[in-house]
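Structure file input_8.tsv; described as TSV, C-alpha atoms.
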```tsv
chain	number	residue	atom	x	y	z
A	22	MET	CA	-82.05	10.26	113.80
A	23	ASN	CA	-78.91	12.35	113.68
A	24	SER	CA	-78.55	16.09	113.23
A	25	GLY	CA	-76.54	15.85	110.00
A	26	VAL	CA	-77.88	16.70	106.55
A	27	ASP	CA	-78.82	13.58	104.58
A	28	VAL	CA	-79.08	15.19	101.15
A	29	THR	CA	-78.73	18.73	99.77
A	30	ILE	CA	-80.68	19.67	96.65
A	31	THR	CA	-79.66	22.82	94.80
A	32	GLY	CA	-81.46	24.69	92.01
A	33	ALA	CA	-79.97	24.43	88.53
A	34	VAL	CA	-80.75	27.95	87.27
A	35	ASP	CA	-79.91	31.35	88.78
A	36	SER	CA	-82.91	33.39	89.99
A	37	ALA	CA	-85.23	30.38	89.81
A	38	VAL	CA	-86.24	30.71	93.46
A	39	PHE	CA	-85.72	26.95	93.80
A	40	GLY	CA	-87.11	25.74	97.11
A	41	MET	CA	-89.55	28.62	97.55
A	42	ALA	CA	-92.23	25.94	97.81
A	43	THR	CA	-91.58	22.46	99.19
A	44	SER	CA	-93.87	19.69	100.32
A	45	SER	CA	-94.07	16.03	101.02
A	46	ALA	CA	-95.24	14.25	97.89
A	47	GLY	CA	-96.43	11.22	99.81
A	48	ASP	CA	-95.09	7.96	98.44
A	49	ILE	CA	-96.03	8.49	94.80
A	50	ASN	CA	-93.92	5.66	93.43
A	51	ARG	CA	-95.14	3.28	96.17
A	52	ASP	CA	-91.70	2.06	97.20
A	53	GLY	CA	-92.29	2.54	100.93
A	54	TYR	CA	-90.33	5.81	101.18
A	55	SER	CA	-91.73	9.33	101.32
A	56	ASP	CA	-90.99	11.57	98.34
A	57	ILE	CA	-90.73	15.36	98.11
A	58	ILE	CA	-91.79	18.01	95.58
A	59	VAL	CA	-89.91	21.30	95.16
A	60	GLY	CA	-91.08	24.35	93.22
A	61	ALA	CA	-88.94	26.83	91.29
A	62	ALA	CA	-91.00	29.80	90.09
A	63	HIS	CA	-88.57	31.56	87.75
A	64	PRO	CA	-89.40	35.24	87.09
A	65	SER	CA	-88.56	35.23	83.35
A	66	GLN	CA	-88.74	31.57	82.29
A	67	PRO	CA	-91.37	28.86	82.67
A	68	GLY	CA	-91.17	27.62	86.24
A	69	LYS	CA	-90.61	24.02	87.26
A	70	ALA	CA	-91.68	21.61	89.94
A	71	SER	CA	-89.47	18.61	90.60
A	72	VAL	CA	-90.15	15.38	92.46
A	73	TYR	CA	-87.37	13.59	94.30
A	74	PHE	CA	-88.02	9.99	95.27
A	75	GLY	CA	-87.06	9.08	98.81
A	76	GLY	CA	-85.12	5.96	99.58
A	77	ALA	CA	-82.59	4.34	101.88
A	78	SER	CA	-80.01	6.65	100.30
A	79	MET	CA	-81.93	9.51	98.67
A	80	ASN	CA	-80.04	11.48	96.02
A	81	ASN	CA	-80.30	15.06	94.74
A	82	ILE	CA	-81.33	14.24	91.15
A	83	ALA	CA	-84.93	15.03	90.16
A	84	ASP	CA	-86.87	11.89	89.25
A	85	VAL	CA	-89.81	13.75	87.68
A	86	THR	CA	-89.90	17.38	86.49
A	87	MET	CA	-92.98	19.32	85.39
A	88	SER	CA	-92.67	22.65	83.56
A	89	GLY	CA	-94.92	25.70	83.35
A	90	GLU	CA	-96.76	26.62	80.17
A	91	SER	CA	-95.60	30.21	79.76
A	92	LEU	CA	-92.97	32.72	80.79
A	93	ALA	CA	-93.39	34.36	84.17
A	94	ASP	CA	-96.63	32.53	85.09
A	95	ASN	CA	-95.10	31.74	88.49
A	96	PHE	CA	-95.48	27.99	87.95
A	97	GLY	CA	-94.05	26.26	91.01
A	98	VAL	CA	-94.88	29.07	93.45
A	99	SER	CA	-96.88	26.49	95.44
A	100	VAL	CA	-96.67	22.70	95.52
A	101	SER	CA	-98.52	20.04	97.46
A	102	SER	CA	-99.63	16.44	97.48
A	103	THR	CA	-103.37	15.83	97.65
A	104	GLY	CA	-103.61	12.23	98.67
A	105	ASP	CA	-105.43	9.88	96.34
A	106	PHE	CA	-108.35	11.94	95.00
A	107	ASN	CA	-109.29	9.68	92.11
A	108	GLY	CA	-109.05	6.34	93.91
A	109	ASP	CA	-106.36	4.79	91.69
A	110	GLY	CA	-104.03	4.07	94.61
A	111	TYR	CA	-101.54	6.82	93.74
A	112	THR	CA	-101.09	10.27	95.23
A	113	GLU	CA	-101.86	13.26	93.02
A	114	LEU	CA	-99.66	16.38	93.07
A	115	LEU	CA	-100.71	20.04	92.84
A	116	VAL	CA	-98.58	22.84	91.39
A	117	GLY	CA	-99.73	26.46	91.43
A	118	ALA	CA	-99.06	29.17	88.84
A	119	SER	CA	-100.35	32.37	90.46
A	120	GLU	CA	-99.57	34.71	87.53
A	121	TYR	CA	-101.12	32.56	84.80
A	122	ASN	CA	-103.34	34.48	82.32
A	123	SER	CA	-103.17	38.01	83.75
A	124	GLN	CA	-103.12	36.77	87.35
A	125	ARG	CA	-106.19	34.56	87.03
A	126	GLY	CA	-103.94	31.82	88.35
A	127	ARG	CA	-103.97	28.15	87.53
A	128	VAL	CA	-103.62	24.96	89.56
A	129	TYR	CA	-102.26	21.87	87.84
A	130	CYS	CA	-103.09	18.46	89.21
A	131	TYR	CA	-100.67	15.74	88.12
A	132	GLU	CA	-101.79	12.15	88.33
A	133	TYR	CA	-98.81	9.89	88.91
A	134	ASN	CA	-99.44	6.24	88.08
A	135	VAL	CA	-97.87	2.84	87.62
A	136	THR	CA	-96.23	3.84	84.31
A	137	GLY	CA	-93.97	6.20	86.23
A	138	ASN	CA	-94.70	9.03	83.84
A	139	ILE	CA	-96.69	12.21	83.99
A	140	THR	CA	-98.05	12.95	80.53
A	141	SER	CA	-100.37	15.61	79.17
A	142	ASP	CA	-103.19	13.07	79.56
A	143	SER	CA	-102.50	12.88	83.29
A	144	VAL	CA	-102.72	16.64	83.95
A	145	ARG	CA	-105.88	18.41	85.04
A	146	ARG	CA	-106.01	22.22	84.97
A	147	LEU	CA	-108.17	24.57	86.99
A	148	THR	CA	-108.02	28.28	86.12
A	149	GLY	CA	-109.14	31.11	88.38
A	150	PRO	CA	-112.35	32.99	87.54
A	151	GLY	CA	-110.82	36.45	87.08
A	152	PRO	CA	-107.76	38.63	87.51
A	153	ASN	CA	-106.42	38.99	91.05
A	154	GLN	CA	-108.96	36.55	92.47
A	155	VAL	CA	-108.01	33.89	94.96
A	156	LEU	CA	-108.41	30.40	93.56
A	157	VAL	CA	-110.01	27.97	95.99
A	158	CYS	CA	-110.13	24.61	94.31
A	159	LEU	CA	-110.12	21.47	96.45
A	160	LEU	CA	-113.81	20.65	96.00
A	161	ALA	CA	-113.72	21.54	92.30
A	162	LEU	CA	-110.53	19.55	91.89
A	163	GLN	CA	-112.06	16.48	93.50
A	164	ALA	CA	-115.02	16.69	91.12
A	165	MET	CA	-112.65	17.24	88.22
A	166	LEU	CA	-110.62	14.14	89.02
A	167	THR	CA	-113.71	11.96	89.02
A	168	GLU	CA	-114.44	13.02	85.43
A	169	THR	CA	-111.48	11.40	83.71
A	170	ASP	CA	-112.64	12.26	80.21
A	171	SER	CA	-112.63	16.05	80.63
A	172	MET	CA	-109.78	18.47	81.18
A	173	ILE	CA	-110.28	21.97	82.45
```
This entry written out as structure tokens:
Amino acid sequence: MNSGVDVTITGAVDSAVFGMATSSAGDINRDGYSDIIVGAAHPSQPGKASVYFGGASMNNIADVTMSGESLADNFGVSVSSTGDFNGDGYTELLVGASEYNSQRGRVYCYEYNVTGNITSDSVRRLTGPGPNQVLVCLLALQAMLTETDSMI
């Protein structure tokens, strides 16, 4: 390993706070290389979370981008990989939106699969119980992922 930078990824929009949240995304595309997820919680636009696939020569172009549902919901303020909660062999990704619905907050769980796409059918949503309340969701999320026919 050398001390030089291998790749630099820069946000596309001013004031988007790109890179505020970063995390390993595991190897969601199962190519043998670790991937990363980067959040950009824009204060006046729907936020974004972008996945960059690792590789022998990783680039700085987002391979998958998820967008928030509403303006200023803080989508992308937190990002994480969960491991394989639903047992399909692929890592799921979490993106937080702390200001969603009058600060109730919402966590989005994205199921990445062999199709290489994240669609509305592959998103699970968990909303906080009330304004300004901390959302603790790993156990609820695990139960949610085992019920593939219901979305919260």
Exercise. What is the distance between atom CA of A:Ile58 and atom CA of A:Ser24, in Å to one decimal?
Worked result: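 Distance between the two atoms: 22.1 Å.
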Exercise. Can you tell me, as a ChimeraX atom specification, which residues sit within 10 Å of (-91.1, 27.1, 98.7) in the file's frame, using all atoms listed in the file?
Worked result: /A:38-44,58-62,97-100
Any chance you could export the current selection's C-alpha atoms as a compact mmCIF listing (two decimals), in the frame of the given file?
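Written output follows (again.txt):
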```txt
# COMPACT_ATOMS: atom_id res chain seq x y z
CA VAL A 38 -86.24 30.71 93.46
CA PHE A 39 -85.72 26.95 93.80
CA GLY A 40 -87.11 25.74 97.11
CA MET A 41 -89.55 28.62 97.55
CA ALA A 42 -92.23 25.94 97.81
CA THR A 43 -91.58 22.46 99.19
CA SER A 44 -93.87 19.69 100.32
CA ILE A 58 -91.79 18.01 95.58
CA VAL A 59 -89.91 21.30 95.16
CA GLY A 60 -91.08 24.35 93.22
CA ALA A 61 -88.94 26.83 91.29
CA ALA A 62 -91.00 29.80 90.09
CA GLY A 97 -94.05 26.26 91.01
CA VAL A 98 -94.88 29.07 93.45
CA SER A 99 -96.88 26.49 95.44
CA VAL A 100 -96.67 22.70 95.52
```
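Proximity to A:Met79 was assessed for A:Val144, A:Arg127, A:Ile30, A:Leu92 counting all atoms listed in the file; the smallest distance is recorded for A:Ile30.
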For this session: Name the closest residue to A:Thr31 among the candidates A:Asn81, A:Ser88, A:Asn95, A:Ser123; distances are taken between atoms, counting all atoms listed in the file.
Result: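 Distance minimum relative to A:Thr31 lands on A:Asn81.
Atom CA of A:Tyr131 to atom CA of A:Leu115 spans 6.4 Å [interatomic distance, one decimal].
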For this session: Report the distance between atom CA of A:Glu90 and atom CA of A:Ser45 in Å, rounded to one decimal place.
Result: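 So the answer is 23.5 Å.
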Problem set entry | Distance criterion (all atoms listed in the file): nearest to A:Ser91 out of A:Thr148, A:Asn23, A:Ser71, A:Asn122 | A:Asn122
Exercise. Between A:Phe106, A:Gln124, A:Leu114, A:Asp94, which is the closest to A:Asp56 once you count only C-alpha atoms?
Worked result: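 That would be A:Leu114, the residue with the smallest distance to A:Asp56.
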